[in-house]
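K.L.:
Got a structure for you, run_25.cif, holding mmCIF, C-alpha atoms.
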data_final
loop_
_atom_site.label_atom_id
_atom_site.label_comp_id
_atom_site.auth_asym_id
_atom_site.auth_seq_id
_atom_site.Cartn_x
_atom_site.Cartn_y
_atom_site.Cartn_z
CA MET N 1 13.86 -2.61 -29.86
CA LEU N 2 10.45 -1.33 -30.92
CA ARG N 3 10.62 -2.80 -34.41
CA GLY N 4 7.14 -3.65 -35.66
CA MET N 5 5.41 -1.74 -32.88
CA ARG N 6 4.14 1.22 -34.93
CA PRO N 7 0.63 -0.29 -35.32
CA LEU N 8 0.52 -0.84 -31.57
CA LEU N 9 1.55 2.72 -30.76
CA SER N 10 -0.96 4.29 -33.13
CA PHE N 11 -3.77 2.27 -31.62
CA ALA N 12 -2.44 3.10 -28.14
CA VAL N 13 -2.68 6.83 -28.79
CA ALA N 14 -6.35 6.42 -29.64
CA LEU N 15 -6.82 4.34 -26.51
CA ALA N 16 -5.18 6.98 -24.31
CA THR N 17 -7.52 9.63 -25.72
CA SER N 18 -10.61 7.54 -25.04
CA LEU N 19 -9.52 6.80 -21.48
CA ALA N 20 -8.64 10.32 -20.30
CA PRO N 21 -8.70 10.52 -16.47
CA SER N 22 -11.58 12.17 -14.66
CA ALA N 23 -9.46 13.15 -11.64
CA ALA N 24 -6.57 15.58 -11.91
CA HIS N 25 -4.40 13.69 -9.43
CA ALA N 26 -5.18 10.15 -10.63
CA ARG N 27 -2.10 7.95 -11.01
CA LYS N 28 -2.64 6.19 -14.33
CA LEU N 29 -1.41 2.58 -14.44
CA GLY N 30 -1.36 0.19 -17.37
CA ALA N 31 -1.83 -3.44 -16.31
CA LEU N 32 0.06 -5.69 -18.72
CA PRO N 33 -0.72 -9.43 -18.85
CA LEU N 34 1.53 -11.65 -16.76
CA ALA N 35 3.73 -13.85 -18.92
CA ALA N 36 3.25 -17.59 -18.37
CA GLY N 37 6.58 -19.17 -17.44
CA ALA N 38 7.53 -22.80 -16.91
CA ASN N 39 4.67 -25.18 -16.06
CA VAL N 40 2.01 -22.44 -16.03
CA ASP N 41 -0.77 -22.60 -18.60
CA ALA N 42 -2.28 -19.59 -20.37
CA LYS N 43 -5.58 -19.76 -18.47
CA THR N 44 -3.80 -19.54 -15.11
CA ALA N 45 -1.69 -16.60 -16.30
CA ILE N 46 -4.82 -14.80 -17.55
CA ALA N 47 -6.63 -15.36 -14.24
CA LEU N 48 -3.65 -14.02 -12.28
CA SER N 49 -3.40 -11.03 -14.66
CA GLU N 50 -7.01 -10.16 -13.91
CA ALA N 51 -6.38 -10.52 -10.18
CA LEU N 52 -3.35 -8.21 -10.49
CA ALA N 53 -5.42 -5.59 -12.33
CA GLY N 54 -8.01 -5.82 -9.55
CA GLU N 55 -5.39 -5.21 -6.87
CA LEU N 56 -3.99 -2.23 -8.79
CA ALA N 57 -7.50 -0.78 -9.10
CA ARG N 58 -7.90 -0.96 -5.32
CA VAL N 59 -4.92 1.33 -4.73
CA PRO N 60 -6.26 4.75 -3.66
CA GLY N 61 -5.83 7.46 -6.27
CA CYS N 62 -5.04 5.05 -9.12
CA GLU N 63 -6.81 4.66 -12.46
CA VAL N 64 -6.10 1.36 -14.23
CA ILE N 65 -6.16 0.54 -17.94
CA THR N 66 -6.57 -3.23 -18.18
CA GLN N 67 -5.47 -5.69 -20.82
CA ALA N 68 -9.09 -6.14 -21.86
CA GLN N 69 -9.43 -2.40 -22.50
CA MET N 70 -6.26 -2.42 -24.57
CA LYS N 71 -7.36 -5.44 -26.61
CA ALA N 72 -10.63 -3.72 -27.47
CA LEU N 73 -8.67 -1.31 -29.68
CA LEU N 74 -5.74 -3.45 -30.82
CA ASP N 75 -5.56 -5.83 -33.78
CA LEU N 76 -4.19 -9.36 -33.41
CA GLU N 77 -0.61 -8.47 -34.40
CA ALA N 78 -0.53 -5.53 -31.99
CA GLN N 79 -1.83 -7.74 -29.17
CA LYS N 80 1.09 -10.12 -29.71
CA GLN N 81 3.50 -7.19 -29.51
CA LEU N 82 1.80 -6.02 -26.32
CA VAL N 83 2.44 -9.35 -24.57
CA GLY N 84 6.03 -9.42 -25.81
CA CYS N 85 6.88 -5.95 -24.51
CA ALA N 86 8.97 -6.93 -21.50
CA ASP N 87 12.14 -4.81 -21.22
CA ASP N 88 12.09 -1.44 -19.44
CA THR N 89 12.61 0.78 -22.49
CA CYS N 90 9.90 -0.97 -24.51
CA MET N 91 7.48 -0.76 -21.59
CA ALA N 92 8.28 2.92 -21.03
CA GLN N 93 7.61 3.83 -24.66
CA LEU N 94 4.41 1.82 -24.69
CA GLY N 95 3.31 3.51 -21.46
CA ALA N 96 3.98 6.96 -22.90
CA ALA N 97 1.98 6.12 -26.02
CA LEU N 98 -0.93 4.87 -23.92
CA GLY N 99 -0.89 8.04 -21.85
CA VAL N 100 -0.27 6.22 -18.56
CA ASP N 101 2.24 7.17 -15.88
CA GLU N 102 3.48 3.62 -15.31
CA LEU N 103 3.10 0.09 -16.64
CA VAL N 104 2.95 -2.96 -14.36
CA GLY N 105 3.63 -6.45 -15.69
CA GLY N 106 5.53 -9.56 -14.72
CA THR N 107 5.87 -13.33 -14.92
CA VAL N 108 4.56 -16.37 -13.10
CA ALA N 109 6.15 -19.82 -13.19
CA LYS N 110 6.24 -23.11 -11.31
CA VAL N 111 9.57 -24.87 -10.79
CA GLY N 112 9.53 -28.14 -8.88
CA THR N 113 7.26 -27.60 -5.88
CA SER N 114 7.72 -23.82 -5.88
CA TRP N 115 5.57 -21.08 -7.36
CA LEU N 116 7.58 -18.06 -8.56
CA ILE N 117 6.01 -14.69 -9.29
CA GLY N 118 7.68 -11.43 -10.19
CA LEU N 119 6.21 -7.99 -10.82
CA ARG N 120 7.87 -5.04 -12.56
CA ARG N 121 6.69 -1.42 -12.52
CA VAL N 122 8.20 0.86 -15.17
CA ASP N 123 7.93 4.65 -15.19
CA ALA N 124 6.79 5.85 -18.63
CA LYS N 125 8.83 9.07 -18.39
CA THR N 126 12.15 7.84 -17.04
CA ALA N 127 12.11 4.10 -17.88
CA GLY N 128 13.11 3.54 -14.26
CA SER N 129 11.79 0.32 -12.81
CA ARG N 130 11.01 -1.31 -9.48
CA LEU N 131 10.73 -5.06 -8.88
CA ALA N 132 8.96 -7.31 -6.42
CA ASP N 133 9.23 -11.11 -6.39
CA ARG N 134 8.12 -14.02 -4.24
CA ARG N 135 8.83 -17.76 -4.01
CA PHE N 136 6.33 -20.15 -2.41
CA LYS N 137 8.03 -23.48 -1.73
CA GLY N 138 5.43 -26.19 -1.56
CA GLY N 139 2.77 -23.53 -1.93
CA GLY N 140 -0.23 -23.28 -4.18
CA LEU N 141 -2.00 -20.83 -6.42
CA ASP N 142 -3.83 -19.40 -3.39
CA ASP N 143 -0.47 -18.33 -1.94
CA VAL N 144 0.28 -16.40 -5.13
CA LEU N 145 -3.12 -14.68 -5.00
CA ASP N 146 -2.69 -13.86 -1.31
CA ALA N 147 0.70 -12.26 -2.01
CA LEU N 148 -0.56 -9.85 -4.68
CA PRO N 149 -1.66 -7.02 -2.29
CA SER N 150 1.73 -6.77 -0.59
CA MET N 151 3.59 -7.14 -3.90
CA VAL N 152 1.52 -4.36 -5.48
CA ALA N 153 2.29 -2.10 -2.50
CA GLU N 154 5.99 -2.93 -2.81
CA VAL N 155 6.25 -2.43 -6.57
CA LEU N 156 4.33 0.88 -6.51
CA GLN N 157 6.55 2.39 -3.82
CA ALA N 158 8.33 5.48 -5.08
CA ALA N 159 11.80 4.90 -6.51
CA PRO N 160 14.80 6.86 -5.18
CA SER N 161 15.14 10.35 -6.60
CA ALA N 162 17.72 13.07 -6.12
CA GLN N 163 16.22 15.44 -8.69
CA PRO N 164 14.70 18.78 -7.63
CA LEU N 165 10.95 18.48 -7.24
CA ALA N 166 8.55 21.39 -7.72
CA ILE N 167 5.60 21.10 -5.33
CA GLY N 168 3.26 24.05 -5.49
CA SER N 169 5.28 27.06 -4.39
CA LEU N 170 8.21 24.91 -3.21
CA ALA N 171 11.23 23.43 -4.95
CA LEU N 172 12.73 20.52 -2.99
CA THR N 173 15.34 17.83 -3.48
CA PRO N 174 13.98 14.59 -1.93
CA SER N 175 16.23 12.50 0.30
CA GLY N 176 15.26 9.34 -1.60
CA PRO N 177 12.73 6.66 -0.58
CA ALA N 178 11.44 6.72 2.98
CA PRO N 179 12.70 4.00 5.35
CA ALA N 180 10.23 1.21 6.07
CA SER N 181 7.51 2.08 8.55
CA SER N 182 6.75 -1.57 9.32
CA ARG N 183 8.41 -4.71 10.62
CA GLU N 184 7.86 -8.47 10.64
CA LEU N 185 8.74 -10.05 14.00
CA ASP N 186 7.43 -13.30 15.39
CA ALA N 187 4.75 -12.77 18.03
CA GLY N 188 5.96 -15.71 20.13
CA VAL N 189 2.53 -17.36 20.41
CA ASP N 190 2.69 -20.65 22.28
CA ALA N 191 2.10 -23.70 20.07
CA LYS N 192 -0.78 -24.85 22.32
CA VAL N 193 -2.48 -21.46 22.02
CA LYS N 194 -2.05 -21.45 18.25
CA LYS N 195 -3.54 -24.92 18.00
CA ARG N 196 -6.74 -23.94 19.82
CA MET N 197 -7.20 -20.69 17.90
CA ILE N 198 -10.37 -20.12 15.91
CA ALA N 199 -9.84 -18.90 12.36
CA VAL N 200 -12.36 -17.17 10.10
CA GLY N 201 -12.03 -15.56 6.68
CA ASP N 202 -13.76 -13.77 3.83
CA GLY N 203 -13.10 -16.50 1.26
CA LYS N 204 -10.81 -14.13 -0.70
CA GLY N 205 -7.58 -14.61 1.22
CA LEU N 206 -8.21 -12.66 4.43
CA VAL N 207 -7.81 -14.75 7.59
CA ILE N 208 -8.46 -13.64 11.18
CA ALA N 209 -7.46 -15.81 14.14
CA TYR N 210 -8.00 -15.45 17.89
CA ASP N 211 -7.82 -17.44 21.12
CA PRO N 212 -11.39 -18.28 22.25
CA ALA N 213 -10.16 -19.27 25.74
CA SER N 214 -8.92 -15.78 26.57
CA GLU N 215 -11.04 -13.89 29.10
CA ASP N 216 -9.29 -10.61 28.40
CA SER N 217 -11.55 -8.18 26.51
CA PHE N 218 -8.43 -6.68 24.98
CA ALA N 219 -6.71 -9.96 24.06
CA PRO N 220 -5.05 -9.58 20.66
CA PHE N 221 -6.30 -11.12 17.48
CA TYR N 222 -4.31 -11.67 14.31
CA ALA N 223 -5.21 -10.81 10.72
CA GLY N 224 -3.59 -10.95 7.31
CA ARG N 225 -3.15 -12.63 3.96
CA GLY N 226 -0.60 -14.87 2.31
CA GLY N 227 0.30 -16.98 5.34
CA ALA N 228 1.30 -14.07 7.60
CA LEU N 229 -1.11 -12.77 10.26
CA TYR N 230 -0.31 -9.59 12.20
CA GLN N 231 -1.29 -8.81 15.77
CA GLN N 232 -3.80 -5.95 15.96
CA ARG N 233 -3.77 -2.95 18.29
CA ILE N 234 -6.99 -3.10 20.28
CA SER N 235 -8.38 0.21 21.51
CA GLY N 236 -11.75 -0.83 22.87
CA GLY N 237 -14.49 -3.42 22.98
CA GLY N 238 -16.08 -5.98 25.24
CA ARG N 239 -16.51 -9.72 25.63
CA GLU N 240 -19.12 -12.09 26.99
CA GLY N 241 -17.15 -15.30 27.33
CA GLU N 242 -17.14 -17.22 24.03
CA VAL N 243 -20.69 -16.16 23.18
CA SER N 244 -20.07 -12.69 21.82
CA PHE N 245 -17.39 -10.03 21.63
CA ASP N 246 -16.63 -6.78 19.84
CA MET N 247 -13.08 -5.49 19.42
CA VAL N 248 -12.22 -2.06 18.01
CA PHE N 249 -8.76 -2.03 16.41
CA TRP N 250 -6.35 0.65 15.17
CA GLU N 251 -7.20 1.60 11.60
CA PRO N 252 -6.52 5.27 10.72
CA ARG N 253 -8.29 5.14 7.32
CA VAL N 254 -11.82 5.09 8.78
CA ALA N 255 -13.83 8.18 9.72
CA GLU N 256 -14.99 6.84 13.11
CA ARG N 257 -13.21 4.42 15.44
CA TRP N 258 -16.16 1.99 15.56
CA GLN N 259 -15.85 1.54 11.80
CA ALA N 260 -12.80 -0.68 12.38
CA SER N 261 -13.99 -3.59 14.48
CA PHE N 262 -14.09 -7.38 14.60
CA GLY N 263 -16.61 -9.40 16.53
CA LYS N 264 -18.94 -12.31 17.02
CA LYS N 265 -22.66 -12.31 17.72
CA GLY N 266 -25.36 -14.90 17.30
CA GLY N 267 -22.78 -17.51 16.34
CA LYS N 268 -21.50 -15.43 13.40
CA HIS N 269 -18.25 -13.53 12.99
CA TRP N 270 -18.06 -10.17 11.23
CA LEU N 271 -15.58 -7.49 10.23
CA GLN N 272 -16.35 -3.76 9.92
CA CYS N 273 -14.09 -1.67 7.65
CA GLY N 274 -15.51 1.79 7.08
CA GLU N 275 -18.98 1.44 5.54
CA LYS N 276 -18.34 -2.22 4.68
CA LYS N 277 -19.46 -4.97 7.05
CA LEU N 278 -18.42 -8.47 6.02
CA GLU N 279 -19.69 -11.76 7.37
CA LEU N 280 -16.78 -14.14 7.93
CA SER N 281 -16.86 -17.92 7.61
CA PRO N 282 -14.91 -20.60 9.51
CA THR N 283 -11.60 -21.57 7.92
CA SER N 284 -8.48 -23.46 8.89
CA LEU N 285 -5.32 -22.00 10.38
CA GLU N 286 -2.51 -23.70 8.49
CA LYS N 287 0.41 -25.03 10.52
CA ALA N 288 2.84 -22.94 8.43
CA THR N 289 0.93 -19.69 9.07
CA ARG N 290 3.15 -17.13 10.78
CA LEU N 291 1.76 -15.11 13.71
CA LEU N 292 3.63 -11.81 13.81
CA GLN N 293 3.79 -8.73 16.03
CA VAL N 294 2.01 -5.51 15.09
CA ARG N 295 3.23 -4.52 11.63
CA TRP N 296 2.93 -0.70 11.59
CA GLN N 297 5.44 1.03 13.85
CA ARG N 298 4.86 4.77 13.36
CA ARG N 299 2.25 7.39 14.23
CA LEU N 300 1.47 10.85 12.87
CA ALA N 301 2.87 13.66 15.03
CA HIS N 302 2.42 17.02 13.26
CA LEU N 303 0.67 18.39 10.20
CA ALA N 304 0.79 21.80 8.47
CA ARG N 305 0.19 23.20 5.00
CA THR N 306 0.82 26.20 2.75
CA ASP N 307 -1.95 28.38 1.33
CA ASP N 308 -1.68 26.58 -2.02
CA GLY N 309 -2.14 23.13 -0.49
CA VAL N 310 1.39 21.81 0.05
CA TYR N 311 1.35 19.61 3.16
CA PHE N 312 4.13 19.00 5.70
CA VAL N 313 3.59 15.71 7.55
CA VAL N 314 5.76 14.58 10.47
CA ASP N 315 5.54 11.08 11.91
CA VAL N 316 7.49 9.37 14.68
CA ALA N 317 8.35 5.82 15.78
CA ARG N 318 5.93 4.42 18.37
CA GLU N 319 8.72 2.74 20.32
CA PRO N 320 10.54 3.42 22.50
CA GLU N 321 8.42 5.92 24.38
CA GLY N 322 9.80 9.39 23.79
CA SER N 323 11.40 8.34 20.50
CA ARG N 324 13.17 11.06 18.50
CA ASP N 325 13.03 9.03 15.28
CA PHE N 326 11.03 11.50 13.17
CA HIS N 327 10.29 11.44 9.42
CA LEU N 328 9.18 14.41 7.32
CA TYR N 329 7.07 14.19 4.15
CA VAL N 330 6.29 17.19 1.95
CA GLY N 331 3.91 17.32 -0.99
CA LYS N 332 0.40 17.47 -2.34
CA PRO N 333 -2.17 14.65 -2.07
CA GLY N 334 -0.97 11.79 -4.23
CA ALA N 335 2.67 12.95 -4.49
CA PHE N 336 4.87 13.29 -1.40
CA ALA N 337 8.65 13.58 -1.10
CA PHE N 338 10.58 12.24 1.88
CA LEU N 339 13.01 14.63 3.61
CA LYS N 340 15.44 13.09 6.11
CA VAL N 341 15.34 14.78 9.53
CA ASP N 342 18.88 15.46 10.72
CA GLU N 343 18.21 17.39 13.95
CA VAL N 344 15.22 17.64 16.30
CA MET N 345 14.47 20.21 18.98
CA LEU N 346 11.42 19.48 21.14
CA GLU N 347 10.08 22.13 23.50
CA ARG N 348 6.78 22.58 25.29
CA ASP N 349 5.42 25.17 22.85
CA GLU N 350 7.35 24.36 19.68
CA SER N 351 9.13 21.56 17.82
CA VAL N 352 11.84 22.16 15.22
CA PHE N 353 12.84 19.63 12.55
CA THR N 354 15.98 20.40 10.56
CA THR N 355 16.71 18.78 7.19
CA ALA N 356 19.30 19.37 4.47
CA GLN N 357 16.60 21.26 2.52
CA GLY N 358 15.35 23.53 5.30
CA ARG N 359 13.76 23.80 8.74
CA LEU N 360 10.17 23.09 9.85
CA ASN N 361 8.82 24.80 12.99
CA VAL N 362 5.50 23.59 14.42
CA GLY N 363 3.72 24.68 17.58
CA TYR N 364 0.91 27.18 18.07
CA GLY N 365 1.79 28.24 14.54
CA ALA N 366 4.02 26.74 11.88
CA ALA N 367 6.62 27.83 9.31
CA TRP N 368 9.00 26.37 6.74
CA THR N 369 12.37 28.04 6.24
CA PRO N 370 14.22 26.75 3.14
CA LYS N 371 18.00 26.63 3.38
CA GLY N 372 19.26 30.12 2.52
CA GLY N 373 15.73 31.46 2.00
CA ALA N 374 12.98 33.42 3.72
CA SER N 375 10.52 31.83 6.14
CA LEU N 376 7.17 30.69 4.68
CA PRO N 377 4.19 30.81 7.09
CA LEU N 378 2.17 27.59 7.36
CA LYS N 379 -1.19 26.70 8.83
CA ALA N 380 -0.93 24.09 11.59
CA LEU N 381 -3.64 21.39 11.35
CA PRO N 382 -5.00 18.86 13.89
CA VAL N 383 -3.50 15.47 13.05
CA GLU N 384 -6.60 13.56 14.13
CA ASP N 385 -8.78 15.43 11.63
CA HIS N 386 -6.66 14.34 8.66
CA ALA N 387 -5.35 10.88 9.58
CA ALA N 388 -7.84 9.07 7.33
CA GLU N 389 -6.77 11.22 4.37
CA ALA N 390 -3.03 10.89 5.08
CA TYR N 391 -3.16 7.09 5.25
CA GLY N 392 -5.72 6.81 2.44
CA PRO N 393 -6.18 9.01 -0.64
CA TRP N 394 -3.06 11.13 -0.03
CA ARG N 395 -0.91 8.01 -0.62
CA LEU N 396 1.60 9.19 1.97
CA TYR N 397 2.76 5.58 2.51
CA ALA N 398 3.24 2.83 -0.05
CA GLU N 399 3.21 -0.05 2.46
CA PRO N 400 0.18 -1.98 3.70
CA LEU N 401 -0.60 -1.25 7.36
CA GLY N 402 -1.11 -4.87 8.37
CA THR N 403 -4.73 -4.42 9.50
CA PRO N 404 -7.73 -6.53 8.40
CA CYS N 405 -8.89 -3.57 6.29
CA ASP N 406 -5.88 -3.62 3.91
CA GLY N 407 -7.38 -3.91 0.43
CA LEU N 408 -10.88 -3.08 1.69
CA LEU N 409 -10.49 0.69 2.15
#
I need this file expressed as structure tokens, please.
P.N.:
Amino acid sequence: MLRGMRPLLSFAVALATSLAPSAAHARKLGALPLAAGANVDAKTAIALSEALAGELARVPGCEVITQAQMKALLDLEAQKQLVGCADDTCMAQLGAALGVDELVGGTVAKVGTSWLIGLRRVDAKTAGSRLADRRFKGGGLDDVLDALPSMVAEVLQAAPSAQPLAIGSLALTPSGPAPASSRELDAGVDAKVKKRMIAVGDGKGLVIAYDPASEDSFAPFYAGRGGALYQQRISGGGREGEVSFDMVFWEPRVAERWQASFGKKGGKHWLQCGEKKLELSPTSLEKATRLLQVRWQRRLAHLARTDDGVYFVVDVAREPEGSRDFHLYVGKPGAFAFLKVDEVMLERDESVFTTAQGRLNVGYGAAWTPKGGASLPLKALPVEDHAAEAYGPWRLYAEPLGTPCDGLL
């Protein structure tokens, strides 16, 4: 399977040494070139490969080795072998030789009026893989580019695991991948309202649309990429007719609430995401664009940690009110395991979450009691003080939130 790859592997070892990570918890990804399938020329495949590498580099906590960096140390024959390395075992061995945790590659093709793109992520240690694919019937290259952020999030999501996992002072057996924390439901916007909507964008795929005739300061606006715009949760703002407005929306990855806002002033639209403030330009709202309900459906409920930095994170479904649909995540920043909550006890001063691996108590204090073991004291932490970290650099979730700031934070 790896016949003729010895020159590639020897060069790869040198490459891995020269690209040693600067951060202890960095997730090292190798971005392989996308293979050009039917009716796709090499230049288009190269451009999409570069766009894919850019999306991977935007994932918090990830360090990316690009095709260009690999080619700088590989001879011509080895470069050909690099492009031809497509099956899981070959990719895993190449990834191990490069010193990366995972390799991400894929194919792009055009059949009839449809664009087809598929991504594959292969774990260098286990050769396990995860796939993501899309078909755009009657679509264009822009649709493929717009889909890359969601495809990257999907393909990088942790694969199921039933193996014991050592996290700091704990040894746990994960329950497998966490259930989806999002949904895609039609928002039911009237066709007349959709037709009169104003749409603006950043010229890189992001589109924001709103109804200029609404007099409600908290009227929803919609934002997204790839032909799907999600309704935003508005938490504040004001409006002066159609002249100016400022809407603060839910975005847990920013330090201050005002750092997630969309508005218009002086005839110009803008978007604030953290320290970034983008000026948006008028664009068209395609007839096929889907307007969907709020994507993210969960909120953080409890947070605690051990002395050696192992975090216990509990979240809960937003709806219905009083939901008992809780999820428990345990791990260190950059590596969390999902533990299925089997029983919940909610009292005024304490909440208890029971899993197959143990029991978490949170209230004025906190403790974790492993099944058949002694209780481990935990430090309870204010959720609001750590929300930006949990949704951002901790990589607690692998899914995009569906806010205008996806890909910008």
K.L.:
Pick the closest to Lys268 of chain N from N:Gly106, N:Gly331, N:Gly373, N:Gly201: which is it, counting all atoms listed in the file?
P.N.:
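Closest residue, counting all atoms listed in the file: N:Gly201.
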K.L.:
What does the distance between atom CA of His386 of chain N and atom CA of Pro370 of chain N come to in Å, to one decimal place?
P.N.:
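A separation of 24.9 Å between them.
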K.L.:
Residues near Gly407 of chain N, anyone? I mean within 10 Å using all atoms listed in the file, not counting same-chain ones fewer than 6 positions away, as an NGL selection string.
P.N.:
:N and (55-56 or 58-60 or 149-150 or 206 or 400)
K.L.:
From the list N:Ala366, N:Cys62, N:Ala47, N:Ala335, which residue is nearest Val108 of chain N when using all atoms listed in the file?
P.N.:
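Among the listed residues, N:Ala47 lies closest to Val108 of chain N.
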K.L.:
Just the number, please: distance in Å from atom CA of Met197 of chain N to atom CA of Gln231 of chain N, one decimal.
P.N.:
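Atom CA of Met197 of chain N sits 13.4 Å away from atom CA of Gln231 of chain N.
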K.L.:
Using only C-alpha atoms, which of the listed residues (N:Tyr391, N:Ser235, N:Leu278, N:Lys379) sits closest to Trp258 of chain N?
P.N.:
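Closest to Trp258 of chain N of all the choices is N:Ser235.
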K.L.:
Once the PyMOL selection byres ((chain N and resi 409) around 10) is applied to the coordinates I shared, what remains selected? I want it as a ChimeraX atom specification.
P.N.:
/N:58-60,253-254,273-276,392-393,404-408
K.L.:
How far is it from atom CA of Ala38 of chain N to atom CA of Leu145 of chain N, in Å with one decimal?
P.N.:
17.9 Å
K.L.:
Measuring atom to atom with only C-alpha atoms, identify which of N:His302, N:Arg120, N:Arg130, N:Lys264 is nearest to Val316 of chain N.
P.N.:
N:His302
K.L.:
When distances are computed from only C-alpha atoms, which of N:Lys194, N:Arg135, N:Arg395, N:Lys340 shows the smallest separation from Arg290 of chain N?
P.N.:
N:Lys194
K.L.:
Taking the file as shown, what set of residues would the PyMOL selection byres ((chain N and resi 242) around 9) give back, as number ranges by chain?
P.N.:
N: 212-215, 239-241, 243-245, 264
K.L.:
Please enumerate the residues selected by the PyMOL selection byres ((chain N and resi 371) around 10) when evaluated against the supplied file, formatted as a PDB file with C-alpha atoms, in the frame of the given file.
P.N.:
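The resulting out27.pdb:
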ATOM      1  CA  THR N 354      15.980  20.400  10.560  1.00  0.00           C
ATOM      2  CA  THR N 355      16.710  18.780   7.190  1.00  0.00           C
ATOM      3  CA  ALA N 356      19.300  19.370   4.470  1.00  0.00           C
ATOM      4  CA  GLN N 357      16.600  21.260   2.520  1.00  0.00           C
ATOM      5  CA  GLY N 358      15.350  23.530   5.300  1.00  0.00           C
ATOM      6  CA  ARG N 359      13.760  23.800   8.740  1.00  0.00           C
ATOM      7  CA  TRP N 368       9.000  26.370   6.740  1.00  0.00           C
ATOM      8  CA  THR N 369      12.370  28.040   6.240  1.00  0.00           C
ATOM      9  CA  PRO N 370      14.220  26.750   3.140  1.00  0.00           C
ATOM     10  CA  GLY N 372      19.260  30.120   2.520  1.00  0.00           C
ATOM     11  CA  GLY N 373      15.730  31.460   2.000  1.00  0.00           C
ATOM     12  CA  ALA N 374      12.980  33.420   3.720  1.00  0.00           C
ATOM     13  CA  SER N 375      10.520  31.830   6.140  1.00  0.00           C
TER      14      SER N 375
END
K.L.:
Which residues are close to Glu279 of chain N, i.e. within 8 Å by all atoms listed in the file, leaving aside same-chain residues fewer than 5 positions away? Reply as a count of residues only.
P.N.:
5
